[in-house]
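Here's input.csv, which has CSV, C-alpha atoms:
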```
chain,number,residue,atom,x,y,z
A,1,MET,CA,10.4,-24.9,3.2
A,2,GLN,CA,9.1,-27.8,5.3
A,3,PRO,CA,5.4,-28.5,6.1
A,4,LEU,CA,4.3,-27.2,9.5
A,5,ASP,CA,1.5,-29.0,11.4
A,6,LEU,CA,-1.6,-26.8,10.9
A,7,ASN,CA,-2.4,-27.0,14.6
A,8,LYS,CA,0.8,-25.0,15.2
A,9,ALA,CA,0.2,-22.4,12.6
A,10,PHE,CA,-1.5,-20.0,14.9
A,11,THR,CA,1.8,-19.6,16.8
A,12,LEU,CA,3.2,-17.8,13.8
A,13,ILE,CA,0.6,-15.0,14.1
A,14,GLU,CA,-0.2,-14.9,17.8
A,15,PRO,CA,2.9,-12.8,18.7
A,16,GLY,CA,1.7,-10.0,16.4
A,17,PRO,CA,4.5,-9.8,13.8
A,18,VAL,CA,4.2,-7.6,10.7
A,19,VAL,CA,3.3,-9.9,7.8
A,20,LEU,CA,3.2,-10.0,4.1
A,21,VAL,CA,-0.1,-11.1,2.5
A,22,THR,CA,0.0,-12.4,-1.1
A,23,THR,CA,-3.0,-12.5,-3.4
A,24,HIS,CA,-3.6,-13.4,-7.0
A,25,ASP,CA,-6.1,-11.5,-9.2
A,26,GLY,CA,-6.3,-14.2,-11.9
A,27,GLN,CA,-3.5,-12.4,-13.9
A,28,GLY,CA,-0.7,-12.4,-11.5
A,29,PRO,CA,0.4,-12.3,-7.8
A,30,ASN,CA,0.5,-9.2,-5.6
A,31,VAL,CA,1.7,-8.7,-2.1
A,32,MET,CA,0.8,-6.2,0.7
A,33,THR,CA,2.2,-5.4,4.1
A,34,ILE,CA,-0.3,-5.9,7.0
A,35,SER,CA,0.1,-5.4,10.7
A,36,TRP,CA,-3.5,-5.5,11.7
A,37,THR,CA,-4.0,-9.3,12.2
A,38,MET,CA,-5.1,-11.6,15.0
A,39,VAL,CA,-5.7,-15.2,15.7
A,40,VAL,CA,-9.5,-16.1,16.0
A,41,ASP,CA,-9.2,-19.8,16.6
A,42,PHE,CA,-6.6,-22.6,17.0
A,43,THR,CA,-8.1,-24.5,14.0
A,44,PRO,CA,-6.5,-22.1,12.8
A,45,LEU,CA,-8.6,-19.1,12.0
A,46,PHE,CA,-7.2,-15.6,11.5
A,47,ALA,CA,-8.6,-12.1,11.0
A,48,LEU,CA,-7.0,-9.3,9.2
A,49,THR,CA,-8.2,-5.7,8.6
A,50,THR,CA,-7.6,-4.1,5.3
A,51,GLY,CA,-9.7,-2.2,2.8
A,52,PRO,CA,-10.1,-0.6,-0.6
A,53,TRP,CA,-7.0,1.6,0.0
A,54,ASN,CA,-5.0,-1.6,-0.6
A,55,HIS,CA,-4.9,-2.6,-4.3
A,56,SER,CA,-4.9,-6.3,-3.1
A,57,PHE,CA,-8.2,-5.9,-1.4
A,58,ALA,CA,-10.2,-6.4,-4.6
A,59,ALA,CA,-8.3,-9.7,-5.4
A,60,LEU,CA,-8.8,-10.9,-1.8
A,61,LEU,CA,-12.6,-10.3,-2.0
A,62,LYS,CA,-12.9,-11.8,-5.5
A,63,GLN,CA,-10.6,-14.8,-5.3
A,64,ARG,CA,-11.1,-15.4,-1.6
A,65,GLU,CA,-7.6,-16.8,-1.1
A,66,CYS,CA,-4.3,-15.5,0.2
A,67,VAL,CA,-1.0,-16.5,1.8
A,68,ILE,CA,0.2,-15.0,5.1
A,69,ALA,CA,4.0,-14.8,5.0
A,70,VAL,CA,6.0,-14.0,8.0
A,71,PRO,CA,9.2,-12.0,7.3
A,72,GLY,CA,12.3,-11.9,9.4
A,73,VAL,CA,13.8,-8.5,10.3
A,74,ASP,CA,16.4,-9.0,7.5
A,75,LEU,CA,13.5,-8.1,5.2
A,76,LEU,CA,12.4,-5.0,7.1
A,77,ASP,CA,13.2,-2.5,4.3
A,78,LYS,CA,11.5,-4.6,1.7
A,79,VAL,CA,8.4,-5.0,3.9
A,80,VAL,CA,8.3,-1.2,4.5
A,81,GLY,CA,8.8,-0.6,0.7
A,82,ILE,CA,6.0,-3.0,-0.1
A,83,GLY,CA,3.7,-1.2,2.3
A,84,THR,CA,4.4,2.2,0.8
A,85,CYS,CA,3.9,1.5,-3.0
A,86,SER,CA,1.0,0.0,-4.9
A,87,GLY,CA,0.4,-3.2,-6.9
A,88,ALA,CA,-1.6,-1.0,-9.2
A,89,ASP,CA,1.6,0.2,-10.9
A,90,THR,CA,4.3,-2.0,-9.5
A,91,ASP,CA,5.3,-5.7,-9.8
A,92,LYS,CA,6.3,-5.9,-6.2
A,93,PHE,CA,7.9,-9.3,-6.4
A,94,ALA,CA,10.3,-8.1,-9.1
A,95,ARG,CA,10.9,-4.7,-7.5
A,96,PHE,CA,11.8,-6.1,-4.1
A,97,GLY,CA,13.5,-9.2,-5.2
A,98,LEU,CA,11.1,-11.7,-3.6
A,99,THR,CA,10.6,-15.2,-5.0
A,100,PRO,CA,7.1,-16.5,-5.4
A,101,VAL,CA,6.8,-20.2,-4.8
A,102,PRO,CA,3.7,-22.2,-5.8
A,103,SER,CA,1.3,-22.9,-3.0
A,104,THR,CA,-0.4,-26.3,-2.7
A,105,LEU,CA,-4.0,-25.4,-2.0
A,106,VAL,CA,-4.4,-21.8,-3.1
A,107,ARG,CA,-3.4,-19.7,-6.1
A,108,PRO,CA,-1.5,-16.8,-4.3
A,109,PRO,CA,2.2,-17.8,-3.9
A,110,LEU,CA,4.3,-18.5,-0.9
A,111,ILE,CA,7.3,-16.1,-0.4
A,112,LYS,CA,10.6,-18.0,-0.4
A,113,GLU,CA,12.5,-15.4,1.6
A,114,CYS,CA,10.1,-15.5,4.5
A,115,LEU,CA,10.4,-17.5,7.7
A,116,ALA,CA,7.0,-19.1,7.3
A,117,ASN,CA,3.9,-19.1,5.1
A,118,ILE,CA,0.3,-20.0,5.7
A,119,GLU,CA,-2.0,-20.8,2.8
A,120,CYS,CA,-5.5,-19.4,3.6
A,121,LYS,CA,-9.1,-19.4,2.3
A,122,VAL,CA,-11.4,-16.4,3.0
A,123,ILE,CA,-14.3,-17.8,5.0
A,124,ASP,CA,-16.0,-14.5,6.0
A,125,ILE,CA,-15.9,-10.8,5.4
A,126,ILE,CA,-17.3,-8.4,7.9
A,127,THR,CA,-17.7,-5.5,5.4
A,128,ARG,CA,-18.7,-2.9,7.9
A,129,HIS,CA,-15.3,-3.1,9.5
A,130,ASN,CA,-13.2,-4.4,6.6
A,131,ILE,CA,-12.4,-7.5,8.7
A,132,VAL,CA,-11.5,-10.6,6.7
A,133,VAL,CA,-11.7,-14.0,8.4
A,134,LEU,CA,-9.3,-16.6,7.1
A,135,GLN,CA,-9.0,-20.4,7.5
A,136,GLY,CA,-5.5,-21.6,7.3
A,137,VAL,CA,-5.3,-24.7,5.1
A,138,ALA,CA,-1.6,-25.4,4.8
A,139,ALA,CA,1.5,-24.1,6.6
A,140,TRP,CA,5.2,-24.0,5.7
A,141,ILE,CA,8.3,-23.1,7.7
A,142,ASP,CA,11.9,-22.5,6.8
A,143,GLY,CA,14.1,-23.5,9.7
A,144,GLU,CA,17.3,-22.8,7.7
A,145,ARG,CA,17.1,-19.0,7.7
A,146,GLU,CA,19.8,-17.3,9.8
A,147,GLU,CA,17.7,-14.4,10.9
A,148,LYS,CA,14.8,-15.8,12.8
A,149,ARG,CA,13.7,-12.6,14.6
A,150,THR,CA,10.4,-11.2,13.4
A,151,PHE,CA,9.4,-7.5,14.0
A,152,HIS,CA,6.3,-5.6,15.1
A,153,ALA,CA,5.0,-2.3,13.8
A,154,VAL,CA,4.3,0.4,16.3
A,155,GLY,CA,2.4,2.5,13.8
A,156,ASP,CA,4.4,5.7,14.2
A,157,GLY,CA,7.1,4.6,11.7
A,158,SER,CA,9.1,2.6,14.2
A,159,PHE,CA,9.3,-1.2,14.6
A,160,ILE,CA,10.1,-3.4,17.6
A,161,VAL,CA,12.4,-6.4,16.9
A,162,ASP,CA,12.0,-9.6,18.8
A,163,GLY,CA,14.1,-9.8,21.9
A,164,GLY,CA,14.6,-12.7,24.3
A,165,ARG,CA,12.2,-15.6,24.8
A,166,ILE,CA,10.7,-16.6,28.2
A,167,GLU,CA,9.3,-20.0,28.8
A,168,ARG,CA,6.2,-20.6,31.0
A,169,LYS,CA,5.1,-23.9,29.5
A,170,LYS,CA,4.4,-25.5,32.9
A,171,MET,CA,2.2,-22.6,34.2
A,172,MET,CA,0.4,-22.5,30.8
A,173,ALA,CA,0.0,-26.3,30.4
A,174,ALA,CA,-3.8,-26.2,30.8
A,175,LYS,CA,-4.1,-23.5,28.1
A,176,ILE,CA,-1.9,-25.0,25.4
A,177,PRO,CA,-4.0,-26.8,22.8
A,178,PRO,CA,-3.1,-30.5,22.0
A,179,GLY,CA,-0.2,-31.0,19.5
A,180,VAL,CA,1.4,-27.5,20.0
B,1,MET,CA,-0.8,8.1,34.6
B,2,GLN,CA,-1.0,10.9,32.1
B,3,PRO,CA,-3.6,11.3,29.4
B,4,LEU,CA,-2.5,10.0,25.9
B,5,ASP,CA,-3.9,11.6,22.7
B,6,LEU,CA,-6.6,9.2,21.5
B,7,ASN,CA,-5.1,9.4,18.0
B,8,LYS,CA,-2.0,7.7,19.3
B,9,ALA,CA,-3.7,5.0,21.3
B,10,PHE,CA,-3.6,2.5,18.4
B,11,THR,CA,0.2,2.5,18.7
B,12,LEU,CA,-0.2,0.6,22.0
B,13,ILE,CA,-1.9,-2.3,20.4
B,14,GLU,CA,-0.5,-2.4,16.9
B,15,PRO,CA,2.7,-4.2,18.0
B,16,GLY,CA,0.7,-7.1,19.3
B,17,PRO,CA,1.5,-7.2,23.0
B,18,VAL,CA,-0.3,-9.5,25.4
B,19,VAL,CA,-2.8,-7.3,27.2
B,20,LEU,CA,-5.0,-7.4,30.2
B,21,VAL,CA,-8.7,-6.5,29.7
B,22,THR,CA,-10.8,-5.4,32.7
B,23,THR,CA,-14.6,-5.6,32.8
B,24,HIS,CA,-17.2,-4.8,35.5
B,25,ASP,CA,-20.3,-7.0,35.9
B,26,GLY,CA,-22.2,-4.4,38.0
B,27,GLN,CA,-20.9,-5.9,41.2
B,28,GLY,CA,-17.2,-5.7,40.9
B,29,PRO,CA,-14.3,-5.7,38.4
B,30,ASN,CA,-12.6,-8.6,36.8
B,31,VAL,CA,-9.6,-9.0,34.5
B,32,MET,CA,-8.6,-11.4,31.8
B,33,THR,CA,-5.5,-12.0,29.8
B,34,ILE,CA,-5.9,-11.7,26.0
B,35,SER,CA,-3.4,-12.0,23.2
B,36,TRP,CA,-5.9,-12.2,20.3
B,37,THR,CA,-6.3,-8.5,19.5
B,38,MET,CA,-5.8,-6.2,16.5
B,39,VAL,CA,-6.2,-2.6,15.5
B,40,VAL,CA,-9.2,-2.0,13.2
B,41,ASP,CA,-9.0,1.7,12.6
B,42,PHE,CA,-6.8,4.7,13.8
B,43,THR,CA,-9.9,6.4,15.3
B,44,PRO,CA,-9.1,4.1,17.4
B,45,LEU,CA,-11.0,0.9,16.9
B,46,PHE,CA,-9.8,-2.4,18.1
B,47,ALA,CA,-11.0,-6.0,17.8
B,48,LEU,CA,-10.4,-8.8,20.3
B,49,THR,CA,-11.5,-12.4,20.2
B,50,THR,CA,-12.7,-14.1,23.3
B,51,GLY,CA,-15.7,-16.2,24.2
B,52,PRO,CA,-17.8,-17.9,26.8
B,53,TRP,CA,-14.8,-19.8,28.1
B,54,ASN,CA,-13.7,-16.5,29.7
B,55,HIS,CA,-15.8,-15.6,32.8
B,56,SER,CA,-15.4,-11.9,31.8
B,57,PHE,CA,-17.2,-12.5,28.5
B,58,ALA,CA,-20.7,-12.2,30.0
B,59,ALA,CA,-19.8,-8.9,31.6
B,60,LEU,CA,-18.3,-7.6,28.4
B,61,LEU,CA,-21.4,-8.5,26.4
B,62,LYS,CA,-23.8,-7.1,29.0
B,63,GLN,CA,-22.1,-4.0,30.1
B,64,ARG,CA,-20.4,-3.3,26.7
B,65,GLU,CA,-17.4,-1.6,28.3
B,66,CYS,CA,-13.8,-2.6,29.0
B,67,VAL,CA,-10.3,-1.3,29.6
B,68,ILE,CA,-7.4,-2.6,27.6
B,69,ALA,CA,-4.3,-2.4,29.8
B,70,VAL,CA,-0.8,-3.0,28.5
B,71,PRO,CA,1.6,-4.7,31.0
B,72,GLY,CA,5.3,-4.6,31.0
B,73,VAL,CA,7.4,-7.8,31.1
B,74,ASP,CA,7.8,-7.2,34.9
B,75,LEU,CA,4.2,-8.3,35.2
B,76,LEU,CA,4.7,-11.5,33.1
B,77,ASP,CA,3.9,-14.0,35.9
B,78,LYS,CA,0.9,-12.1,37.1
B,79,VAL,CA,-0.4,-11.9,33.5
B,80,VAL,CA,0.1,-15.7,33.0
B,81,GLY,CA,-1.5,-16.3,36.4
B,82,ILE,CA,-4.5,-14.2,35.4
B,83,GLY,CA,-4.8,-16.1,32.2
B,84,THR,CA,-4.9,-19.5,34.0
B,85,CYS,CA,-7.4,-18.9,36.8
B,86,SER,CA,-11.1,-17.7,36.6
B,87,GLY,CA,-12.9,-14.7,37.9
B,88,ALA,CA,-15.7,-17.1,38.7
B,89,ASP,CA,-13.9,-18.1,41.9
B,90,THR,CA,-11.1,-15.6,42.3
B,91,ASP,CA,-10.8,-11.9,43.0
B,92,LYS,CA,-7.9,-11.5,40.6
B,93,PHE,CA,-7.0,-7.9,41.5
B,94,ALA,CA,-6.4,-9.0,45.1
B,95,ARG,CA,-4.8,-12.3,44.3
B,96,PHE,CA,-2.2,-10.8,41.9
B,97,GLY,CA,-1.7,-7.5,43.7
B,98,LEU,CA,-3.0,-5.2,41.0
B,99,THR,CA,-4.5,-1.8,41.8
B,100,PRO,CA,-7.8,-0.9,40.1
B,101,VAL,CA,-7.9,2.9,39.4
B,102,PRO,CA,-11.2,4.5,38.4
B,103,SER,CA,-11.7,5.2,34.7
B,104,THR,CA,-13.2,8.4,33.4
B,105,LEU,CA,-15.7,7.3,30.8
B,106,VAL,CA,-16.3,3.6,31.6
B,107,ARG,CA,-16.9,1.5,34.7
B,108,PRO,CA,-14.2,-1.1,34.4
B,109,PRO,CA,-11.0,0.1,36.1
B,110,LEU,CA,-7.6,1.0,34.7
B,111,ILE,CA,-4.7,-1.0,36.1
B,112,LYS,CA,-2.2,1.1,37.9
B,113,GLU,CA,0.8,-1.2,37.4
B,114,CYS,CA,0.4,-1.3,33.6
B,115,LEU,CA,2.3,0.8,31.1
B,116,ALA,CA,-0.8,2.2,29.5
B,117,ASN,CA,-4.6,1.8,29.6
B,118,ILE,CA,-7.3,2.4,27.0
B,119,GLU,CA,-11.0,2.9,28.1
B,120,CYS,CA,-13.2,1.2,25.5
B,121,LYS,CA,-16.9,0.9,24.6
B,122,VAL,CA,-18.1,-2.2,22.8
B,123,ILE,CA,-19.6,-1.1,19.4
B,124,ASP,CA,-20.1,-4.4,17.7
B,125,ILE,CA,-20.0,-8.1,18.4
B,126,ILE,CA,-19.6,-10.6,15.6
B,127,THR,CA,-21.0,-13.5,17.5
B,128,ARG,CA,-20.3,-16.2,14.9
B,129,HIS,CA,-16.5,-15.6,15.5
B,130,ASN,CA,-16.6,-14.3,19.1
B,131,ILE,CA,-15.0,-11.1,17.7
B,132,VAL,CA,-15.7,-8.0,19.8
B,133,VAL,CA,-15.1,-4.5,18.2
B,134,LEU,CA,-14.2,-1.7,20.6
B,135,GLN,CA,-14.1,2.0,20.3
B,136,GLY,CA,-11.3,3.6,22.4
B,137,VAL,CA,-12.7,6.6,24.2
B,138,ALA,CA,-9.8,7.6,26.5
B,139,ALA,CA,-6.2,6.6,26.9
B,140,TRP,CA,-3.6,6.8,29.7
B,141,ILE,CA,0.1,6.2,29.8
B,142,ASP,CA,2.6,5.9,32.6
B,143,GLY,CA,6.0,7.2,31.5
B,144,GLU,CA,7.5,6.6,34.9
B,145,ARG,CA,7.7,2.8,34.9
B,146,GLU,CA,11.3,1.5,34.7
B,147,GLU,CA,10.4,-1.6,32.7
B,148,LYS,CA,9.0,-0.4,29.4
B,149,ARG,CA,9.3,-3.6,27.4
B,150,THR,CA,6.0,-5.4,26.5
B,151,PHE,CA,5.8,-9.1,25.6
B,152,HIS,CA,4.1,-11.2,23.0
B,153,ALA,CA,2.5,-14.6,23.4
B,154,VAL,CA,3.6,-17.4,21.0
B,155,GLY,CA,0.8,-19.6,22.1
B,156,ASP,CA,2.9,-22.6,23.0
B,157,GLY,CA,3.7,-21.4,26.5
B,158,SER,CA,6.5,-19.1,25.6
B,159,PHE,CA,6.7,-15.4,25.3
B,160,ILE,CA,8.8,-13.0,23.2
B,161,VAL,CA,10.0,-9.9,24.9
B,162,ASP,CA,10.5,-6.6,23.0
B,163,GLY,CA,14.0,-6.2,21.7
B,164,GLY,CA,15.5,-3.2,19.9
B,165,ARG,CA,13.6,-0.5,18.0
B,166,ILE,CA,14.2,0.5,14.4
B,167,GLU,CA,13.0,3.8,13.0
B,168,ARG,CA,11.7,4.1,9.5
B,169,LYS,CA,9.7,7.3,9.9
B,170,LYS,CA,10.9,8.9,6.7
B,171,MET,CA,10.1,5.9,4.5
B,172,MET,CA,6.7,5.6,6.3
B,173,ALA,CA,5.8,9.3,6.3
B,174,ALA,CA,2.9,8.9,3.8
B,175,LYS,CA,1.4,6.1,5.9
B,176,ILE,CA,1.5,7.7,9.4
B,177,PRO,CA,-1.8,9.3,10.3
B,178,PRO,CA,-1.8,13.0,11.4
B,179,GLY,CA,-0.9,13.6,15.0
B,180,VAL,CA,1.0,10.4,15.6
```

Translate this file's structure into structure tokens.
Amino acid sequence: MQPLDLNKAFTLIEPGPVVLVTTHDGQGPNVMTISWTMVVDFTPLFALTTGPWNHSFAALLKQRECVIAVPGVDLLDKVVGIGTCSGADTDKFARFGLTPVPSTLVRPPLIKECLANIECKVIDIITRHNIVVLQGVAAWIDGEREEKRTFHAVGDGSFIVDGGRIERKKMMAAKIPPGV
Amino acid sequence: MQPLDLNKAFTLIEPGPVVLVTTHDGQGPNVMTISWTMVVDFTPLFALTTGPWNHSFAALLKQRECVIAVPGVDLLDKVVGIGTCSGADTDKFARFGLTPVPSTLVRPPLIKECLANIECKVIDIITRHNIVVLQGVAAWIDGEREEKRTFHAVGDGSFIVDGGRIERKKMMAAKIPPGV
């Protein structure tokens, strides 16, 4: 994985892909599947919604760190599997054959098999909605993976895979932040 | 447009499409382009991030109502155009040839040309992050439109169009809420 400029990291999340979020509870890493995320600022700030139904939630609240990892569609069945079992009784990295890679600024690991990873610090928790606000502090991208398409959860058990890309850079010029 | 069960409305936003958000300032409707959204609950609750840089923000804060409209990719250039001009000096419905349709429970209009529309009430504003939390109160879908693909902003001036769909309903059964 190669470092990615932090000012480009929001472009990994803005399209709304399903992501994996790693945490560390002080004893070991865990990983959860999340599709409720959004960008909050280009700096970058992100929000995600989760709650006590996720075993990782306690570690996220306590350790206040996580990694957002963006899987390609080649990982779809692992991602669905991760979303439908619990870290309470499962070592998900072992079970799903994912490789934790040490992060540089946080304790939760990067995931080697993902297209990109963003190391994040929790900067705010809006407890009444279970919204967690994250500051991205380092970002990594793997340009070598063959499958570059991400996928999007519909919420009814189906997923939409990335299709074609359309460029509107000229029309959008005034709205694209510097360095992106 | 046909009514859509409210308990299915979150499935319109969960995949992360670019959306249009209509507001009404008491004098007339306006519309903005937003890609920073997420689902917060199945009930449905949504969050979006915007701020004073959007002319619609004042109307959203004051009137506490909006409509989230989901455009197909046939509307891409209108959506980009809406995102790069201001309601301060432009009647965007007229300029972009969009048809406002009366909502049932809120004052901001539905958009006839969109694939789906969700009438929403603002239930919370987290001002320190410009995060607005919305309760969906009615939803509408147009099953007749030829172009059913939505699109996702990358944030660098490019957009990803929906590709194929993969079903994992059996694997996901325990995670799909009732009625979806």

Practice item. Give me the residues within 10 Å of Phe96 (chain A) as a list in words, counting all atoms listed in the file and dropping any in the same chain fewer than 6 places off. Key: Leu75, Asp77, Lys78, Val79, Gly81 and Ile82 of chain A

Check your understanding: Counting all atoms listed in the file, which residues of chain A come no farther than 9 Å from chain B, as an NGL selection string?
Key -> :A and (8 or 10-18 or 35-41 or 47-50 or 77 or 80-81 or 83-84 or 126 or 129-131 or 133 or 151-177 or 180)

Practice item. Kindly give the distance, in Å, that separates CA of Leu60 (chain A) and CA of Asp89 (chain A), rounded to a single decimal. Key: 17.7 Å

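CA of Pro71 (chain B) is positioned 8.7 Å from CA of Lys148 (chain B).
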
Practice item. Could you tell me how far CA of Gly143 (chain B) lies from CA of Pro109 (chain B), in Å and to one decimal? Key: 19.0 Å

Check your understanding: Within 8 Å of Ile141 (chain A), counting all atoms listed in the file, which residues qualify if same-chain residues fewer than 6 places away don't, as a ChimeraX atom specification?
Key -> /A:1-4,115-117

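Within the 7 Å cut-off around Asn30 (chain A), using all atoms listed in the file and omitting residues fewer than 4 positions from it on the same chain, the listed residues are Thr22, Thr23, His24, Ser56, Gly87 and Lys92 of chain A.
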
Suppose we keep C-alpha atoms; can you now write the selection as a PDB file, keeping the file's coordinate frame?
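Result file selection-v9.pdb:
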```pdb
ATOM      1  CA  THR A  22       0.000 -12.400  -1.100  1.00  0.00           C
ATOM      2  CA  THR A  23      -3.000 -12.500  -3.400  1.00  0.00           C
ATOM      3  CA  HIS A  24      -3.600 -13.400  -7.000  1.00  0.00           C
ATOM      4  CA  SER A  56      -4.900  -6.300  -3.100  1.00  0.00           C
ATOM      5  CA  GLY A  87       0.400  -3.200  -6.900  1.00  0.00           C
ATOM      6  CA  LYS A  92       6.300  -5.900  -6.200  1.00  0.00           C
TER       7      LYS A  92
END
```

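Shortest separation to Leu61 (chain B) among B:Arg145, B:Asp25, B:Gly97, B:Thr150 occurs at residue B:Asp25, atoms counted being all atoms listed in the file.
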
List as a short mmCIF file (atom, residue, chain, number, x, y, z; two decimals) with C-alpha atoms, in the coordinates of the input the protein and nucleic acid residues near Arg107 (chain A), meaning an atom at most 12 Å away when all atoms listed in the file are counted, but skip any in the same chain fewer than 4 places from it.
```
data_model
loop_
_atom_site.label_atom_id
_atom_site.label_comp_id
_atom_site.auth_asym_id
_atom_site.auth_seq_id
_atom_site.Cartn_x
_atom_site.Cartn_y
_atom_site.Cartn_z
CA THR A 22 0.00 -12.40 -1.10
CA THR A 23 -3.00 -12.50 -3.40
CA HIS A 24 -3.60 -13.40 -7.00
CA ASP A 25 -6.10 -11.50 -9.20
CA GLY A 26 -6.30 -14.20 -11.90
CA GLN A 27 -3.50 -12.40 -13.90
CA GLY A 28 -0.70 -12.40 -11.50
CA PRO A 29 0.40 -12.30 -7.80
CA ASN A 30 0.50 -9.20 -5.60
CA ALA A 59 -8.30 -9.70 -5.40
CA LEU A 60 -8.80 -10.90 -1.80
CA GLN A 63 -10.60 -14.80 -5.30
CA ARG A 64 -11.10 -15.40 -1.60
CA GLU A 65 -7.60 -16.80 -1.10
CA CYS A 66 -4.30 -15.50 0.20
CA VAL A 67 -1.00 -16.50 1.80
CA PRO A 100 7.10 -16.50 -5.40
CA VAL A 101 6.80 -20.20 -4.80
CA PRO A 102 3.70 -22.20 -5.80
CA SER A 103 1.30 -22.90 -3.00
CA GLU A 119 -2.00 -20.80 2.80
CA CYS A 120 -5.50 -19.40 3.60
CA LYS A 121 -9.10 -19.40 2.30
#
```

Review point. Looking at A:Val31, A:Cys85, A:Leu6, A:Ala58, which one is nearest to Leu98 (chain A), with distances taken over all atoms listed in the file?
Key: A:Val31

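Those residues that approach Ser86 (chain A) to within 8 Å, counting all atoms listed in the file, are Asn54, His55, Ile82 and Thr90 of chain A; same-chain residues fewer than 4 positions away are not listed.
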
Review point. Nearest to Trp140 (chain B): which of B:Val19, B:Ile125, B:Leu105, B:Ile118 is it, counting all atoms listed in the file?
Key: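 Distance minimum relative to Trp140 (chain B) lands on B:Ile118.
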
Point to revise | Given all atoms listed in the file as the counted atoms, nearest of A:Ile123, A:Ile34, A:Asp74, A:Lys112 to Glu147 (chain A) | key: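 The shortest atom-to-atom distance to Glu147 (chain A) comes from A:Asp74.
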